[in-house]
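Novice: Below is the structure I would like to discuss, written out as structure tokens.
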Amino acid sequence: MSSSRFDKEIASPELSLAGWARWIWKQLTSMRIALFLLLLLAIASVPGSIWPQRSADPNGVIAYFDANPELAPILDGIQLFDVYTSVWFSAIYILLFISLIGCVVPRTGVHYKALRAQPPVAPKIFSRMPASQSVTWAKNSDVAARAEKLLRKQGYRVVRTGKSVAAERGYVRETGNLVFHFSLIGVLIAVGIGGGLSHNGQRVLVEGETFVNNLAGYDSFSPGTFFREDMLVPFSMTLDNFEVDFDIRNRTNVGTPLDFRAFVSSKLTPTDTPKPGLIRVNEPLEMPDANVFLTGNGYAPYITIRDAKGNLVFAGANAFLPQDSNYTSLGIIKVPDVDRQFGIIAFFYPTAQALDNGAFTSIYPAPVDPLLTLNVYEGDLGLDAGISRNVYALDTSEMTQVAGGKAEIRGLQLKLGETVQLPNGLGSVTFEEIRRFASLDFAYNPGGIWVLVFSLLALAGVTTSLLTPRRRVWVRQTSGGFEVAALARGDDPALTDIVQNIVGELKGQQINRKGSK
């Protein structure tokens, strides 16, 4: 068989750089891609709730590295501890932003033109419409005028041309849809700008201590991209008292905390009169450019340590971290400014009870019968190397245990007000009093209120879009009567009833039964 023109290869034109750019832009700004990117953004947010984030829980990240020394560097390499500022999350965020703008702006222009345009003229054959009815009626001289008046009263945009009337309503459906998408863009902008200007800091305050709102006053601080230190509004806050209510009436629930209250006093300037305030769980205290949240609490035993000569070498209340629901707490004390450095790993039991193996536990979270036990280590604390150390951990690799554990001297035990001698002539330690601490979170995000506003607008827009039908109605006077037809965008089971009602109104009676198409 001889070759023909069908045997020749089809030569398609090559796209230029501008052609490829137009094709990519068309794909990116399609609604299908926008929805895909929105879903992808939601999926990309999931790792932020699985792994601790440096911006919200820096101590949790450190603890994860300690617990998973091999896996943690790999996860950190793909930015799973900084999900919301990572390159891949930002790329999805920016692409979604561009896609939404590319979708919505052209649709807005089309919608604006549609709002100004007249309803389409009546079709030639009404019977082809989803709902229609032809009526034989002798009194048809003023049908077009009556139909125009009736449809305007029902909220339609109406145009009468001779003996036919075209009406349309439901454009608010598309308006609601556009409001929804513009609100999504507003949410993205508010989140981006608010996150860039935001800051979040944590501070553990013991009763009687004062916090000053500057960078040095925070235990940890996470600034936004656009944050500057001069954005911090000066104020001070003192923790006056911390109270906890424990359940003592329900036998099956004894010891469960019922309420936490942090009583504070704040001042905007040093000369101001202290203003009292109260912080509770889910009830933050509002300060200038900061909301103060209560995120944790515990005990802070006040301890004094003197050397062998009786000189005071340590005095203070250290925050002990709770280890269980009965507030068995772990604390670290470091004494560097002595001839022989030493550290203490201490356990505090609010209501102590001895176990069969000789160890202690707390059987109730309130300090009914408090006990403090100390394991003492002597040696280099590692504070002179210029490397930052965790205040809630004691590196014992270069130290020798001289009390507790496998040491010859048992761990030291102190009741409230007691003093015991430290081993190896290190001096003495006194359990002076019990204070409480509160873990406070200072958060500021100027975009928060705008996220709420745009979210409510998005909800209103999508609700309007879903509940508003888009319909077109035509009425035409014929030689023997008139005919009515209706068309909807999408499925609308009410079209037949609408046609019946219009026919009934035009004939001077309301018809509620279903008529034939």
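Note on naming: chains are A, B, ... as they come in the structure tokens, residues start from 1 per chain, ligands start from 1 in the order shown.
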Quick one: residues within 7 Å of Pro119 in chain A, only C-alpha atoms counted, chain neighbours fewer than 2 positions away excluded, as a list in words?

Specialist: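 Residues meeting the cut-off are Ala117, Val121, Val159, Ala166, Ala167 and Glu168 of chain A.
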
Novice: Give me, as a list in words, all polymer residues having an atom no more than 8 Å from Thr29 in chain A, counting only C-alpha atoms and skipping those fewer than 2 positions away in the same chain.

Specialist: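 The residues satisfying every condition are Trp25, Lys26, Gln27, Met31, Ile33, Ala34, Ile98, Ser99, Leu100, Ile101, Gly102 and Cys103 of chain A.
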
Novice: What separation in Å, quoted to one decimal, exists between CA of Trp20 in chain A and CA of His181 in chain A?

Specialist: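 Value for the CA of Trp20 in chain A-CA of His181 in chain A distance: 26.8 Å.
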
Novice: Quick one: residues within 12 Å of Val61 in chain A, only C-alpha atoms counted, chain neighbours fewer than 6 positions away excluded, as an mmCIF file with N, CA and C atoms, in the first residue's frame?

Specialist:
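Below you can see part.cif, which holds the result:
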data_model
loop_
_atom_site.group_PDB
_atom_site.id
_atom_site.type_symbol
_atom_site.label_atom_id
_atom_site.label_comp_id
_atom_site.auth_asym_id
_atom_site.auth_seq_id
_atom_site.Cartn_x
_atom_site.Cartn_y
_atom_site.Cartn_z
ATOM 1 N N GLY A 48 2.829 20.174 61.987
ATOM 2 C CA GLY A 48 2.957 21.155 63.065
ATOM 3 C C GLY A 48 2.253 20.740 64.337
ATOM 4 N N ILE A 50 2.053 17.423 65.133
ATOM 5 C CA ILE A 50 2.662 16.139 65.514
ATOM 6 C C ILE A 50 3.996 16.351 66.219
ATOM 7 N N TRP A 51 4.834 17.196 65.638
ATOM 8 C CA TRP A 51 6.158 17.456 66.226
ATOM 9 C C TRP A 51 6.169 18.828 66.899
ATOM 10 N N PRO A 52 6.914 18.985 67.989
ATOM 11 C CA PRO A 52 6.989 20.292 68.666
ATOM 12 C C PRO A 52 7.599 21.334 67.751
ATOM 13 N N GLN A 53 7.110 22.570 67.864
ATOM 14 C CA GLN A 53 7.572 23.662 67.017
ATOM 15 C C GLN A 53 8.413 24.640 67.825
ATOM 16 N N ARG A 54 9.500 25.091 67.234
ATOM 17 C CA ARG A 54 10.401 26.014 67.935
ATOM 18 C C ARG A 54 9.688 27.314 68.310
ATOM 19 N N SER A 55 8.734 27.726 67.485
ATOM 20 C CA SER A 55 8.052 28.985 67.745
ATOM 21 C C SER A 55 7.138 28.913 68.958
ATOM 22 N N ALA A 67 15.723 12.877 73.275
ATOM 23 C CA ALA A 67 15.104 11.551 73.252
ATOM 24 C C ALA A 67 15.336 10.824 71.928
ATOM 25 N N ASN A 68 15.568 11.567 70.844
ATOM 26 C CA ASN A 68 15.746 10.948 69.518
ATOM 27 C C ASN A 68 16.965 11.559 68.825
ATOM 28 N N PRO A 69 18.162 11.278 69.307
ATOM 29 C CA PRO A 69 19.366 11.931 68.762
ATOM 30 C C PRO A 69 19.651 11.596 67.305
ATOM 31 N N ALA A 72 16.025 13.137 65.115
ATOM 32 C CA ALA A 72 15.759 14.580 65.215
ATOM 33 C C ALA A 72 16.518 15.404 64.169
ATOM 34 N N PRO A 73 17.823 15.176 63.929
ATOM 35 C CA PRO A 73 18.519 15.976 62.900
ATOM 36 C C PRO A 73 17.922 15.797 61.505
ATOM 37 N N LEU A 75 14.694 15.117 60.805
ATOM 38 C CA LEU A 75 13.451 15.892 60.786
ATOM 39 C C LEU A 75 13.735 17.385 60.739
ATOM 40 N N ASP A 76 14.789 17.804 61.441
ATOM 41 C CA ASP A 76 15.145 19.225 61.442
ATOM 42 C C ASP A 76 15.640 19.657 60.065
ATOM 43 N N GLN A 79 12.834 20.671 58.065
ATOM 44 C CA GLN A 79 12.130 21.779 58.726
ATOM 45 C C GLN A 79 10.805 21.358 59.373
ATOM 46 N N LEU A 80 10.738 20.163 59.928
ATOM 47 C CA LEU A 80 9.517 19.712 60.587
ATOM 48 C C LEU A 80 9.365 20.300 61.985
ATOM 49 N N PHE A 81 10.407 20.948 62.503
ATOM 50 C CA PHE A 81 10.285 21.666 63.769
ATOM 51 C C PHE A 81 9.999 23.151 63.545
ATOM 52 N N ASP A 82 9.969 23.560 62.279
ATOM 53 C CA ASP A 82 9.633 24.946 61.902
ATOM 54 C C ASP A 82 8.677 24.915 60.719
#

Novice: Show which residues sit within 10 Å of Asp441 in chain A, as a PyMOL selection string. Count only C-alpha atoms, and ignore same-chain residues fewer than 6 positions away.

Specialist: chain A and resi 56+200-204+218+220-221+284+290-296

Novice: Would you pick out the contacts of Gly277 in chain A at 8 Å or less, using only C-alpha atoms, so that residues sharing its chain but fewer than 3 positions from it are not included, and give the list as a PyMOL selection string?

Specialist: chain A and resi 263-266+285

Novice: Could you save those same residues with C-alpha atoms as a PDB file, in the first residue's frame?

Specialist:
ATOM      1  CA  PHE A 263      -3.058  36.983  90.967  1.00  0.00           C
ATOM      2  CA  VAL A 264      -0.759  39.580  89.438  1.00  0.00           C
ATOM      3  CA  SER A 265      -0.138  43.304  89.653  1.00  0.00           C
ATOM      4  CA  SER A 266       1.104  45.264  86.662  1.00  0.00           C
ATOM      5  CA  LEU A 285      -5.008  38.987  80.927  1.00  0.00           C
TER       6      LEU A 285
END

Novice: Find the residues around range 232-240 of chain A up to 9 Å (only C-alpha atoms counted), leave out those fewer than 3 positions away in its own chain, and share them as a ChimeraX atom specification.

Specialist: /A:205-215,228-229,262-270,274,287-290,437-438

Novice: Could you check how far CA of Tyr349 in chain A sits from CA of Leu414 in chain A, in Å to one decimal?

Specialist: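 For CA of Tyr349 in chain A relative to CA of Leu414 in chain A, the distance reads 10.7 Å.
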